[in-house]
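Student: Structure provided below as structure tokens; questions to follow.
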Amino acid sequence: MLIALATTGFLLLVKKGDAAILVIVSVVGGALLSVALKAGFDRPRPNLIPHAVQVYSGSFPSGHAMLATVTYLTLGALLARVQTQRRVKAYLLSLAVLLSVLIGASRVYLGVHWPTDVLAGWCVGAAWALLCTSVALWLQRRGAIEPNVGA
């Protein structure tokens with residue numbers, strides 16, 4: 001959340017309000033989608049080992065894995081679109097994927113999610129990020145965000 005807020009603030013400072021709105025809609029929309037899915041499935045959390053952290057919501061899908069994927073993939077794609085060097089683009093997207101994977105894996109390690117919860121969180125998060133990236137491309141064509149200088 002802190003990274004999304006900091007990015008939004010930066011985008012507003014550099015007068016890229018539409019891109020800032022994209023980040024907000026992406027993260028808030030992903031959070032709402034996560035809550036709705038958790039309520040719909042209402043899957044109990046694993047109780048094989050004592051939980052390393054206290055949790056109260058449903059298990060499926062993993063909200064942490066989903067929101068990390070939404071946030072980092074959306075920001076990675078947004079940043080990669082304005083880079084000229086392919087290695088910088090690859091670095092940004094690889095970092096986004098790595099952070100998402102580590103956060104999801106930590107939920108299984110802490111004993112608060114089944115692996116399938118995390119897998120579902122990654123899949124839904126990636127689909128939502130892809131939708132948000134598609135919106136970013138549309139905004140790019142409108143000139144609301146920087147052109148893809150490295151394509």
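Naming scheme: A, B, ... for chains in displayed order of the structure tokens; residues 1 onward per chain; ligands 1 onward as shown.
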Just asking: which residues within chain A are helix (DSSP H, G or I) according to DSSP, as number ranges by chain?
Tutor: A: 2-13, 17-41, 63-80, 86-109, 115-142
Student: As a compact mmCIF listing (two decimals) with N, CA and C atoms, in the first residue's frame, please: the residues near range 105-113 of chain A (cut-off 12 Å, only C-alpha atoms, same-chain neighbours under 4 positions excluded).
Tutor:
# COMPACT_ATOMS: atom_id res chain seq x y z
N ARG A 43 -13.47 -20.15 2.18
CA ARG A 43 -12.68 -21.35 2.45
C ARG A 43 -11.93 -21.18 3.77
N PRO A 44 -11.99 -22.17 4.65
CA PRO A 44 -11.24 -22.06 5.92
C PRO A 44 -9.73 -22.12 5.69
N ARG A 45 -9.03 -21.51 6.58
CA ARG A 45 -7.57 -21.50 6.50
C ARG A 45 -7.02 -22.83 7.01
N PRO A 46 -5.80 -23.17 6.59
CA PRO A 46 -5.20 -24.42 7.07
C PRO A 46 -4.98 -24.37 8.59
N ASN A 47 -5.14 -25.50 9.22
CA ASN A 47 -4.87 -25.58 10.66
C ASN A 47 -3.92 -26.73 10.96
N LEU A 48 -3.02 -26.99 10.02
CA LEU A 48 -2.05 -28.07 10.19
C LEU A 48 -0.98 -27.71 11.20
N ILE A 49 -0.62 -26.44 11.23
CA ILE A 49 0.39 -25.95 12.17
C ILE A 49 -0.15 -24.67 12.79
N PRO A 50 0.35 -24.29 13.96
CA PRO A 50 -0.09 -23.01 14.53
C PRO A 50 0.31 -21.86 13.60
N HIS A 51 -0.59 -20.93 13.40
CA HIS A 51 -0.31 -19.79 12.53
C HIS A 51 0.71 -18.87 13.16
N ALA A 52 1.65 -18.42 12.36
CA ALA A 52 2.67 -17.51 12.84
C ALA A 52 2.12 -16.09 13.00
N VAL A 53 0.97 -15.83 12.37
CA VAL A 53 0.29 -14.54 12.50
C VAL A 53 -1.19 -14.81 12.70
N GLN A 54 -1.89 -13.87 13.29
CA GLN A 54 -3.33 -13.99 13.53
C GLN A 54 -4.09 -13.55 12.29
N VAL A 55 -5.04 -14.36 11.82
CA VAL A 55 -5.84 -14.03 10.63
C VAL A 55 -7.30 -14.32 10.91
N TYR A 56 -8.17 -13.56 10.27
CA TYR A 56 -9.60 -13.69 10.54
C TYR A 56 -10.44 -13.88 9.28
N SER A 57 -9.90 -13.59 8.11
CA SER A 57 -10.69 -13.69 6.89
C SER A 57 -10.54 -15.08 6.28
N GLY A 58 -11.30 -15.32 5.20
CA GLY A 58 -11.22 -16.59 4.51
C GLY A 58 -9.86 -16.79 3.86
N SER A 59 -9.64 -18.01 3.42
CA SER A 59 -8.33 -18.37 2.89
C SER A 59 -8.19 -18.20 1.39
N PHE A 60 -9.29 -18.37 0.65
CA PHE A 60 -9.20 -18.43 -0.81
C PHE A 60 -9.85 -17.23 -1.47
N PRO A 61 -9.14 -16.55 -2.35
CA PRO A 61 -7.72 -16.64 -2.69
C PRO A 61 -6.88 -15.85 -1.68
N SER A 62 -5.58 -16.00 -1.74
CA SER A 62 -4.70 -15.25 -0.86
C SER A 62 -4.75 -13.77 -1.25
N GLY A 63 -5.23 -12.95 -0.34
CA GLY A 63 -5.29 -11.50 -0.59
C GLY A 63 -3.91 -10.88 -0.72
N HIS A 64 -2.97 -11.34 0.11
CA HIS A 64 -1.61 -10.81 0.02
C HIS A 64 -0.98 -11.13 -1.33
N ALA A 65 -1.10 -12.38 -1.76
CA ALA A 65 -0.52 -12.77 -3.05
C ALA A 65 -1.20 -12.00 -4.18
N MET A 66 -2.52 -11.88 -4.10
CA MET A 66 -3.25 -11.20 -5.16
C MET A 66 -2.91 -9.72 -5.23
N ALA A 68 -0.28 -8.14 -3.97
CA ALA A 68 1.12 -7.94 -4.34
C ALA A 68 1.28 -8.06 -5.85
N LEU A 98 9.24 -11.26 -8.97
CA LEU A 98 9.95 -11.78 -7.80
C LEU A 98 9.28 -11.36 -6.50
N LEU A 99 8.94 -10.09 -6.39
CA LEU A 99 8.26 -9.62 -5.17
C LEU A 99 6.93 -10.33 -4.97
N SER A 100 6.18 -10.49 -6.05
CA SER A 100 4.89 -11.18 -5.96
C SER A 100 5.06 -12.63 -5.51
N VAL A 101 6.05 -13.31 -6.07
CA VAL A 101 6.31 -14.71 -5.71
C VAL A 101 6.74 -14.82 -4.24
N ASP A 117 -4.42 -21.46 -2.56
CA ASP A 117 -4.89 -20.11 -2.27
C ASP A 117 -3.95 -19.08 -2.89
N VAL A 118 -2.66 -19.33 -2.73
CA VAL A 118 -1.65 -18.42 -3.26
C VAL A 118 -1.63 -18.46 -4.78
N LEU A 119 -1.71 -19.65 -5.34
CA LEU A 119 -1.74 -19.79 -6.80
C LEU A 119 -2.94 -19.03 -7.38
N ALA A 120 -4.09 -19.16 -6.76
CA ALA A 120 -5.28 -18.43 -7.22
C ALA A 120 -5.08 -16.93 -7.08
N GLY A 121 -4.46 -16.50 -5.98
CA GLY A 121 -4.18 -15.07 -5.79
C GLY A 121 -3.27 -14.53 -6.88
N TRP A 122 -2.24 -15.30 -7.21
CA TRP A 122 -1.34 -14.87 -8.29
C TRP A 122 -2.08 -14.78 -9.63
Student: Just how far from CA of Gln83 in chain A is CA of Gly125 in chain A, in Å to one decimal?
Tutor: 23.6 Å
Student: Can I get the residues of range 48-107 of chain A within 7 Å of range 19-34 of chain A, each with the closest pair of atoms and their distance in Å to one decimal, using only C-alpha atoms, sorted chain first then ascending number, as JSON lines?
Tutor:
{"residue": "A:Gly63", "atom": "CA", "partner": "A:Ser34", "partner_atom": "CA", "distance": 5.7}
{"residue": "A:Leu67", "atom": "CA", "partner": "A:Gly30", "partner_atom": "CA", "distance": 6.2}
{"residue": "A:Val70", "atom": "CA", "partner": "A:Val27", "partner_atom": "CA", "distance": 6.6}
{"residue": "A:Thr71", "atom": "CA", "partner": "A:Val27", "partner_atom": "CA", "distance": 5.9}
Student: The selected residues should be written to file as a JSON list (two decimals), in the first residue's frame (atoms: N, CA and C atoms).
Tutor:
[["chain", "number", "residue", "atom", "x", "y", "z"],
["A", 63, "GLY", "N", -5.23, -12.95, -0.34],
["A", 63, "GLY", "CA", -5.29, -11.50, -0.59],
["A", 63, "GLY", "C", -3.91, -10.88, -0.72],
["A", 67, "LEU", "N", -2.92, -9.04, -4.09],
["A", 67, "LEU", "CA", -2.66, -7.60, -4.10],
["A", 67, "LEU", "C", -1.19, -7.28, -4.40],
["A", 70, "VAL", "N", -1.09, -7.66, -8.17],
["A", 70, "VAL", "CA", -1.76, -6.50, -8.80],
["A", 70, "VAL", "C", -0.87, -5.27, -8.72],
["A", 71, "THR", "N", -0.40, -4.96, -7.54],
["A", 71, "THR", "CA", 0.37, -3.74, -7.33],
["A", 71, "THR", "C", 1.69, -3.77, -8.09]]
Student: Just checking: using only C-alpha atoms, which residue out of A:Ile103, A:Leu73, A:Leu13, A:Ala36 ends up closest to Thr133 in chain A?
Tutor: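 Nearest to Thr133 in chain A: A:Leu73.
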Student: Quick check, in Å to one decimal: how far apart do CA of Phe41 in chain A and CA of Met1 in chain A lie?
Tutor: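 For CA of Phe41 in chain A relative to CA of Met1 in chain A, the distance reads 24.5 Å.
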Student: Between CA of Ala77 in chain A and CA of Tyr91 in chain A, what is the distance, to one decimal in Å?
Tutor: 10.9 Å
Student: Could you give me, as a ChimeraX atom specification, the residues within 9 Å of Ile3 in chain A, counting only C-alpha atoms and dropping anything in the same chain fewer than 4 positions from it?
Tutor: /A:7-8,71-72
Student: The selected residues should be written to file as a compact mmCIF listing (two decimals), in the first residue's frame (atoms: C-alpha atoms).
Tutor:
# COMPACT_ATOMS: atom_id res chain seq x y z
CA THR A 7 3.82 6.14 -6.71
CA THR A 8 0.46 7.89 -6.88
CA THR A 71 0.37 -3.74 -7.33
CA TYR A 72 3.82 -4.81 -8.45
